[in-house]
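Peer 1: Below you'll find input32.txt; it's compact mmCIF, C-alpha atoms and all ligand atoms.
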```txt
# COMPACT_ATOMS: atom_id res chain seq x y z
CA ASP A 1 121.16 93.03 82.21
CA LEU A 2 123.91 95.44 81.22
CA HIS A 3 121.47 97.11 78.83
CA GLU A 4 119.79 98.35 82.01
CA GLU A 5 122.46 101.04 82.38
CA GLU A 6 122.32 102.20 78.77
CA VAL A 7 118.73 103.36 79.05
CA LEU A 8 119.24 105.53 82.13
CA THR A 9 118.87 109.29 81.81
CA GLN A 10 122.04 111.32 81.33
CA GLU A 11 121.64 112.67 84.84
CA CYS A 12 121.47 109.20 86.34
CA LYS A 13 124.39 107.96 84.23
CA SER A 14 126.61 110.76 85.43
CA LEU A 15 125.48 110.24 89.03
CA ILE A 16 126.30 106.54 88.78
CA SER A 17 129.76 107.25 87.42
CA SER A 18 130.61 108.99 90.70
CA LEU A 19 129.22 106.33 93.05
CA PRO A 20 130.83 103.34 94.80
CA LYS A 21 130.05 100.19 92.81
CA GLU A 22 129.77 96.50 93.71
CA LYS A 23 128.54 93.34 92.07
CA GLY A 24 124.72 93.24 92.18
CA TRP A 25 122.23 90.66 93.48
CA ILE A 26 119.83 90.80 90.55
CA SER A 27 121.42 93.45 88.35
CA TYR A 28 125.05 93.08 87.30
CA TYR A 29 126.12 96.02 89.45
CA GLN A 30 124.75 97.99 92.33
CA TYR A 31 125.63 101.50 93.47
CA LYS A 32 125.85 103.21 96.83
CA TYR A 33 123.75 106.36 96.93
CA GLU A 34 123.23 108.42 100.11
CA GLY A 35 124.70 105.53 102.09
CA PHE A 36 122.56 102.68 100.68
CA TRP A 37 122.78 100.20 97.76
CA TYR A 38 120.62 100.22 94.63
CA SER A 39 120.47 98.57 91.23
CA PRO A 40 120.79 101.08 88.34
CA THR A 41 117.06 100.93 87.51
CA ARG A 42 116.10 101.44 91.13
CA LEU A 43 118.41 104.40 91.43
CA GLN A 44 116.81 106.04 88.43
CA GLN A 45 113.39 105.59 90.04
CA VAL A 46 114.62 106.89 93.38
CA ILE A 47 116.06 110.12 92.00
CA THR A 48 112.91 110.79 89.96
CA LEU A 49 110.78 110.16 93.03
CA GLN A 50 112.94 112.39 95.23
CA LYS A 51 112.59 115.23 92.79
CA HIS A 52 108.88 115.05 92.04
CA PHE A 53 106.80 113.49 94.79
CA LEU A 54 104.51 115.90 96.62
CA ALA A 55 103.36 114.55 99.97
CA ARG A 56 100.06 115.38 101.64
CA ASP A 57 99.62 115.59 105.39
CA SER A 58 97.06 112.82 105.13
CA ASP A 59 99.40 110.40 103.31
CA ILE A 60 100.22 107.06 104.87
CA ILE A 61 103.49 105.47 103.82
CA LEU A 62 104.44 101.90 104.61
CA VAL A 63 108.21 101.51 104.72
CA THR A 64 109.94 98.16 104.92
CA TYR A 65 113.31 96.63 104.42
CA PRO A 66 112.72 94.12 101.54
CA LYS A 67 111.41 90.71 102.64
CA SER A 68 110.14 91.93 105.99
CA GLY A 69 106.52 91.08 105.17
CA THR A 70 105.58 94.08 103.03
CA ILE A 71 102.79 92.26 101.20
CA TRP A 72 101.24 91.15 104.50
CA LEU A 73 101.23 94.62 106.03
CA LYS A 74 99.91 96.10 102.80
CA ALA A 75 96.95 93.72 102.98
CA ILE A 76 96.35 94.61 106.63
CA MET A 77 96.66 98.36 106.14
CA PHE A 78 94.41 98.42 103.09
CA THR A 79 91.73 96.40 104.87
CA LEU A 80 92.02 98.42 108.06
CA VAL A 81 91.86 101.88 106.53
CA ASN A 82 89.06 100.96 104.10
CA ARG A 83 87.00 98.79 106.43
CA LYS A 84 83.93 101.03 106.23
CA LYS A 85 84.05 101.15 102.44
CA TYR A 86 84.94 97.50 101.89
CA VAL A 87 83.26 95.19 104.34
CA ILE A 88 84.98 91.84 104.77
CA LYS A 89 83.09 89.41 102.57
CA GLU A 90 83.62 87.48 99.33
CA ASN A 91 83.82 90.55 97.12
CA HIS A 92 86.53 92.27 99.21
CA PRO A 93 89.20 93.74 96.86
CA LEU A 94 91.86 91.41 98.31
CA PHE A 95 90.12 88.49 96.63
CA SER A 96 90.65 89.97 93.20
CA LYS A 97 93.66 92.26 93.57
CA ASN A 98 97.14 91.73 94.90
CA PRO A 99 98.12 94.04 97.82
CA HIS A 100 100.91 95.34 95.56
CA GLU A 101 98.21 96.68 93.22
CA LEU A 102 96.07 98.06 96.04
CA ILE A 103 98.97 99.94 97.63
CA PRO A 104 101.46 101.14 95.02
CA CYS A 105 105.13 101.21 95.83
CA PHE A 106 106.79 104.53 94.97
CA GLU A 107 109.77 103.11 93.18
CA PHE A 108 108.27 99.91 91.71
CA ASP A 109 104.83 101.00 90.60
CA LEU A 110 104.76 104.78 90.29
CA TYR A 111 108.08 106.41 89.50
CA LEU A 112 109.06 104.07 86.72
CA HIS A 113 112.32 104.98 85.06
CA ASP A 114 112.16 108.78 84.56
CA GLN A 115 108.38 108.90 84.22
CA ILE A 116 106.61 111.37 86.47
CA PRO A 117 103.22 110.01 87.49
CA ASP A 118 100.42 112.16 88.83
CA PRO A 119 99.22 110.57 92.06
CA SER A 120 97.24 113.72 92.88
CA SER A 121 94.00 112.14 91.66
CA ILE A 122 94.21 109.38 94.30
CA PRO A 123 91.68 110.26 97.02
CA SER A 124 92.95 110.91 100.56
CA PRO A 125 94.12 109.20 102.58
CA ARG A 126 96.54 107.90 99.97
CA ILE A 127 98.52 104.85 101.01
CA PHE A 128 101.92 104.24 99.44
CA ALA A 129 104.77 101.87 100.12
CA THR A 130 108.52 102.15 99.72
CA HIS A 131 111.79 100.53 100.75
CA LEU A 132 113.63 103.85 100.88
CA PRO A 133 115.87 104.61 103.85
CA TYR A 134 114.68 107.44 106.10
CA PHE A 135 117.06 110.15 104.97
CA SER A 136 116.46 109.41 101.29
CA LEU A 137 112.69 109.91 101.47
CA PRO A 138 111.51 112.82 99.29
CA LYS A 139 111.86 116.17 101.07
CA SER A 140 108.12 116.78 100.85
CA VAL A 141 107.55 113.70 103.02
CA HIS A 142 109.86 115.08 105.71
CA ASN A 143 108.16 118.46 105.51
CA SER A 144 104.64 117.04 105.83
CA ALA A 145 102.64 115.53 108.66
CA SER A 146 102.27 112.27 106.67
CA LYS A 147 102.45 109.06 108.70
CA LEU A 148 105.10 106.41 108.27
CA VAL A 149 104.57 102.80 109.29
CA TYR A 150 107.90 100.99 109.43
CA LEU A 151 108.09 97.20 109.40
CA CYS A 152 111.30 95.21 109.88
CA ARG A 153 112.14 91.59 110.56
CA ASN A 154 114.96 89.73 112.28
CA PRO A 155 118.10 89.67 110.12
CA LYS A 156 118.35 85.88 109.84
CA ASP A 157 114.87 85.35 108.40
CA THR A 158 115.14 88.50 106.29
CA PHE A 159 118.39 87.29 104.79
CA VAL A 160 117.11 83.76 104.08
CA SER A 161 113.94 85.16 102.53
CA LEU A 162 115.96 87.59 100.41
CA TRP A 163 118.31 84.86 99.20
CA HIS A 164 115.40 82.69 98.04
CA PHE A 165 113.70 85.66 96.45
CA ILE A 166 116.62 86.94 94.41
CA ASN A 167 117.32 83.48 93.07
CA LYS A 168 113.77 83.41 91.72
CA LEU A 169 114.29 86.77 90.03
CA ARG A 170 117.78 86.46 88.58
CA VAL A 171 117.98 86.14 84.83
CA GLU A 172 119.19 82.75 83.70
CA LYS A 173 122.55 83.88 82.41
CA MET A 174 123.55 85.23 85.83
CA GLY A 175 123.13 81.73 87.28
CA SER A 176 122.04 81.27 90.85
CA CYS A 177 123.62 83.05 93.80
CA SER A 178 125.03 80.70 96.44
CA LEU A 179 124.07 81.10 100.07
CA ASP A 180 127.72 81.84 100.96
CA GLU A 181 128.09 84.55 98.35
CA ALA A 182 124.80 86.19 99.33
CA PHE A 183 125.73 85.97 103.00
CA ASP A 184 129.04 87.76 102.51
CA MET A 185 127.35 90.61 100.69
CA PHE A 186 124.50 90.92 103.18
CA TYR A 187 126.89 90.84 106.14
CA LYS A 188 129.05 93.55 104.58
CA GLY A 189 125.91 95.67 104.19
CA VAL A 190 125.99 95.38 100.40
CA SER A 191 122.39 94.23 99.95
CA PRO A 192 119.43 95.86 98.16
CA TYR A 193 118.60 99.00 100.19
CA GLY A 194 121.27 97.87 102.64
CA PRO A 195 123.10 98.05 104.97
CA PHE A 196 120.17 96.24 106.61
CA TRP A 197 121.08 97.50 110.13
CA ASP A 198 121.43 101.16 109.11
CA HIS A 199 118.03 101.05 107.42
CA ILE A 200 116.37 99.83 110.58
CA LEU A 201 118.33 102.01 112.95
CA ASP A 202 117.49 105.29 111.23
CA TYR A 203 113.76 104.55 111.40
CA TRP A 204 114.04 103.29 114.98
CA ASN A 205 115.83 106.43 116.15
CA GLU A 206 113.48 108.74 114.29
CA SER A 207 110.43 106.86 115.61
CA LYS A 208 111.57 107.77 119.13
CA LYS A 209 111.85 111.44 118.21
CA ILE A 210 108.63 111.80 116.21
CA SER A 211 106.44 109.03 117.56
CA ASN A 212 103.29 110.71 116.24
CA ARG A 213 104.67 110.33 112.69
CA ILE A 214 106.49 106.99 112.71
CA LEU A 215 105.13 103.70 114.03
CA PHE A 216 107.83 101.03 114.35
CA LEU A 217 106.64 97.43 113.96
CA THR A 218 108.39 94.10 113.62
CA TYR A 219 107.30 91.00 111.71
CA GLU A 220 107.79 88.97 114.87
CA ASN A 221 105.49 91.20 116.96
CA MET A 222 102.89 91.19 114.22
CA LYS A 223 102.99 87.38 114.14
CA GLU A 224 103.13 86.73 117.86
CA GLU A 225 100.83 89.44 119.20
CA SER A 226 98.86 90.26 116.10
CA SER A 227 95.81 91.78 117.73
CA VAL A 228 97.81 94.04 120.07
CA HIS A 229 99.80 95.48 117.18
CA ILE A 230 96.96 95.79 114.69
CA LYS A 231 95.14 97.84 117.33
CA ARG A 232 98.23 100.06 117.78
CA LEU A 233 98.34 100.44 114.02
CA ALA A 234 94.65 101.40 113.84
CA GLU A 235 95.13 103.99 116.55
CA PHE A 236 98.24 105.41 114.97
CA LEU A 237 96.45 105.75 111.63
CA GLY A 238 93.58 107.58 113.29
CA CYS A 239 91.02 104.81 112.78
CA PRO A 240 90.92 102.98 116.14
CA PHE A 241 88.60 100.01 116.57
CA SER A 242 85.36 100.90 118.34
CA ALA A 243 84.08 98.73 121.19
CA GLU A 244 81.37 97.40 118.85
CA GLU A 245 83.91 96.49 116.20
CA GLU A 246 86.02 94.64 118.74
CA GLU A 247 83.00 92.78 120.06
CA SER A 248 81.96 91.79 116.57
CA GLY A 249 85.35 90.12 116.00
CA MET A 250 86.57 92.66 113.41
CA VAL A 251 90.21 92.43 114.55
CA GLU A 252 90.27 88.67 114.10
CA ASP A 253 88.41 88.91 110.78
CA ILE A 254 91.02 91.25 109.33
CA LEU A 255 93.88 89.10 110.57
CA LYS A 256 92.28 85.99 109.16
CA LEU A 257 91.63 87.58 105.78
CA CYS A 258 95.27 88.72 105.55
CA SER A 259 96.85 85.56 106.96
CA PHE A 260 99.51 83.69 105.02
CA ASN A 261 97.28 80.63 104.66
CA ASN A 262 94.35 82.57 103.38
CA LEU A 263 96.15 84.80 100.90
CA SER A 264 98.63 82.27 99.57
CA ASN A 265 95.83 79.81 98.77
CA LEU A 266 93.77 82.23 96.72
CA GLU A 267 93.82 81.53 93.02
CA ILE A 268 94.98 85.07 92.12
CA TYR A 269 98.15 84.64 94.16
CA LYS A 270 98.84 81.16 92.90
CA THR A 271 98.60 82.03 89.22
CA GLY A 272 98.47 85.84 88.99
CA LYS A 273 101.11 88.24 87.74
CA LEU A 274 101.92 91.80 88.73
CA ILE A 275 102.03 94.65 86.23
CA TYR A 276 105.76 94.30 85.70
CA GLY A 277 105.37 90.62 84.92
CA GLN A 278 106.40 89.29 88.31
CA GLU A 279 104.51 86.19 89.45
CA SER A 280 102.49 86.94 92.59
CA LYS A 281 103.45 83.65 94.19
CA VAL A 282 107.10 84.68 94.64
CA TYR A 283 105.92 86.87 97.53
CA PHE A 284 104.70 83.86 99.48
CA ARG A 285 107.20 81.28 100.64
CA ARG A 286 106.90 80.05 104.25
CA GLY A 287 105.71 83.06 106.20
CA GLU A 288 107.23 81.80 109.45
CA ILE A 289 109.55 82.93 112.21
CA GLY A 290 112.79 80.92 112.44
CA ASP A 291 112.90 79.35 108.98
CA TRP A 292 116.59 80.41 108.96
CA LYS A 293 117.37 77.39 111.14
CA LYS A 294 117.08 75.20 108.04
CA PHE A 295 119.61 77.21 106.05
CA LEU A 296 122.22 79.06 108.09
CA SER A 297 125.43 77.48 109.41
CA PRO A 298 126.34 78.02 113.10
CA GLU A 299 129.12 80.33 111.88
CA MET A 300 126.66 82.47 109.90
CA VAL A 301 124.29 82.63 112.85
CA LYS A 302 127.10 83.75 115.14
CA LYS A 303 128.22 86.45 112.74
CA LEU A 304 124.71 87.83 112.21
CA ASP A 305 123.93 87.75 115.93
CA GLN A 306 127.16 89.57 116.75
CA ILE A 307 126.80 92.31 114.18
CA THR A 308 123.14 92.85 115.14
CA GLU A 309 124.04 93.12 118.82
CA HIS A 310 126.94 95.41 118.02
CA LYS A 311 124.98 97.73 115.74
CA LEU A 312 121.58 97.86 117.42
CA SER A 313 121.63 96.99 121.11
CA GLY A 314 123.20 100.31 122.17
CA PHE A 315 120.06 101.96 120.86
CA GLY A 316 117.72 99.76 122.86
CA LEU A 317 116.57 97.83 119.83
CA LYS A 318 116.27 94.04 119.89
CA ILE A 319 115.21 92.22 116.73
P1 LIG A 401 109.56 84.05 103.76
O1 LIG A 401 110.40 84.07 102.53
O2 LIG A 401 110.36 83.93 105.03
O3 LIG A 401 108.45 83.05 103.71
P2 LIG A 401 107.92 90.99 101.39
O4 LIG A 401 106.45 91.08 101.16
O5 LIG A 401 108.47 92.14 102.17
O6 LIG A 401 108.66 90.70 100.14
O7 LIG A 401 108.14 89.78 102.40
C1 LIG A 401 107.96 88.48 101.97
C2 LIG A 401 108.00 87.56 103.19
O8 LIG A 401 106.76 87.68 103.92
C3 LIG A 401 108.12 86.11 102.79
O9 LIG A 401 108.83 85.48 103.87
C4 LIG A 401 106.66 85.71 102.72
O10 LIG A 401 106.42 84.33 102.74
C5 LIG A 401 106.12 86.41 103.96
N1 LIG A 401 104.67 86.61 103.90
C6 LIG A 401 103.90 86.86 102.81
N2 LIG A 401 102.61 86.96 103.16
C7 LIG A 401 102.55 86.79 104.50
C8 LIG A 401 101.47 86.78 105.44
N3 LIG A 401 100.22 86.97 105.05
N4 LIG A 401 101.78 86.55 106.73
C9 LIG A 401 103.05 86.35 107.12
N5 LIG A 401 104.11 86.34 106.28
C10 LIG A 401 103.87 86.56 104.99
```
Now that the file is in, can you turn its structure into structure tokens?
Peer 2:
Amino acid sequence: DLHEEEVLTQECKSLISSLPKEKGWISYYQYKYEGFWYSPTRLQQVITLQKHFLARDSDIILVTYPKSGTIWLKAIMFTLVNRKKYVIKENHPLFSKNPHELIPCFEFDLYLHDQIPDPSSIPSPRIFATHLPYFSLPKSVHNSASKLVYLCRNPKDTFVSLWHFINKLRVEKMGSCSLDEAFDMFYKGVSPYGPFWDHILDYWNESKKISNRILFLTYENMKEESSVHIKRLAEFLGCPFSAEEEESGMVEDILKLCSFNNLSNLEIYKTGKLIYGQESKVYFRRGEIGDWKKFLSPEMVKKLDQITEHKLSGFGLKI
């Protein structure tokens, strides 16, 4: 609500007063900072994070554009990296904890408001997540050898997923946001952490330059060729599958544990809540490729296809 802006620090208030402003998706307003859009609360978290986070070379950071399957990749990465410590059986942490609790997000779980957490007690390798655009990551991340795993999703499914999601989160007095209204904002690039295309493109281009530090994945690849890409991920993170592990069916076991059907049917996801009060089930909707066909008009499809082609194809990126 509007109260959201009153509680910001003086520094953030004065920053906001100099930034381009538009109507928000969940907050009343959103602001453009370093080329991307944020709600006031998010902006406060981002500037605190930028100032205080100290990266380690061993850090692993999952970066996604919102609604690209963050929760899924968190589950996979947690299971993969900790597979020696937590063997896949009934007492695996995923059965009692949400991936959002197992892998904290910088700006949602750690750098709350102007609080400065101390993540230095987390044992290495620390795994974090964020939605931040590449050039807004804390300087210490750029100056470290930390690894970034970037996950994106095709714009039509991302948009449809985002539209459903924000309507679940909006406070009652804002009413619901129509598909047309959301579409216009998304298309203009005025979406949370948007423009969508710029977010993806920066990571794509950087992943070509520093391929040892950034692994670029798509939701569609992860769905369609899961085992190929989970093996790439394991190699990139320095924990490749051994021949014995592959023979024992470890790849399939991890994918099965983290699958939409498995996770979304667990009691903790059906009824659980996250620390900030969010119901866990809002992160599971359909989990499919092409669900946009049920929602988007031919005109919307044409516009999204054209802008995606225009913005990305020159860089050799097809999503
Ligand atoms: P849909 O709304 O299209 O179903 P995020 O975690 O980044 O917020 O992304 C949420 C999207 O990922 C939702 O997409 C959600 O249903 C889907 N999702 C959640 N868990 C998944 C899983 N295990 N496998 C595939 N997709 C999943």
Peer 1: Using all atoms listed in the file, which residues of the polymer chains come no farther than 6 Å from ligand LIG 401 (chain A)? I'd like the answer as a list in words.
Peer 2: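 Using all atoms listed in the file, everything at most 6 Å from ligand LIG 401 (chain A) comes to Pro66, Lys67, Ser68, Gly69, Thr70, Ile71, Trp72, Asp157, Ser161, Cys258, Ser259, Phe260, Tyr283, Phe284, Arg285, Arg286, Gly287 and Glu288 of chain A.
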Peer 1: Which residues come within 12 Å of Glu299 (chain A), counting all atoms listed in the file, excluding same-chain residues fewer than 5 positions away, as a PyMOL selection string?
Peer 2: chain A and resi 180+183-184+304-306
Peer 1: Figure out the distance between CA of Leu110 (chain A) and CA of Glu235 (chain A), please, to one decimal in Å.
Peer 2: 28.0 Å
Peer 1: From the list A:Val190, A:Ile76, A:Leu62, A:Val87, which residue is nearest Ser227 (chain A) when using only C-alpha atoms?
Peer 2: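 Using only C-alpha atoms, the shortest distance to Ser227 (chain A) belongs to A:Ile76.
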Peer 1: What does the distance from CA of Leu94 (chain A) to CA of Leu266 (chain A) come to in Å, to one decimal?
Peer 2: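 So the answer is 9.5 Å.
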Peer 1: So that I can see what lies close to region 11-18 of chain A, please list as JSON, numbers by chain the residues with an atom at most 10 Å from it, counting only C-alpha atoms and leaving out residues fewer than 2 positions away in the same chain.
Peer 2: {"A": [5, 6, 7, 8, 9, 20, 21, 30, 31, 32, 33, 40, 41, 43, 44, 45, 47, 48, 114]}
Peer 1: Please list as a PyMOL selection string every residue within 8 Å of region 164-177 of chain A, counting all atoms listed in the file and excluding residues in the same chain fewer than 6 positions away.
Peer 2: chain A and resi 25-27+282-283
Peer 1: Select, from A:Asn265, A:Ser121, A:Ile116, A:Glu252, the residue with the minimum atom-to-atom distance to Val228 (chain A), counting only C-alpha atoms.
Peer 2: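 Using only C-alpha atoms, Val228 (chain A) sits closest to A:Glu252.
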Peer 1: Give the answer as one residue: which of A:Val301, A:Met250, A:Met185, A:Ile230 has the shortest atom-to-atom distance to Gly24 (chain A), using only C-alpha atoms?
Peer 2: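 Closest candidate: A:Met185.
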Peer 1: Would you compute the distance between CA of Tyr134 (chain A) and CA of Ser280 (chain A)? Give it in Å to one decimal.
Peer 2: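 These atoms are spaced 27.4 Å apart.
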Peer 1: List as a list in words: which residues have an atom within 12 Å of (93.2, 100.5, 118.3), counting only C-alpha atoms?
Peer 2: Leu80, Val81, Ser226, Ser227, Val228, His229, Ile230, Lys231, Arg232, Leu233, Ala234, Glu235, Phe236, Leu237, Gly238, Cys239, Pro240, Phe241, Ser242, Ala243, Glu245, Glu246, Met250 and Val251 of chain A
Peer 1: A:Asn98, A:Ser140, A:Asn91, A:Ser39: which is nearest Lys51 (chain A), counting only C-alpha atoms?
Peer 2: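 Smallest distance to Lys51 (chain A) is found for A:Ser140.
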Peer 1: For region 218-221 of chain A, find every residue with an atom within 8 Å (counting all atoms listed in the file), except residues of its own chain fewer than 2 positions away, and show them as a PyMOL selection string.
Peer 2: chain A and resi 68-69+151-154+216+223-226+229+289+319
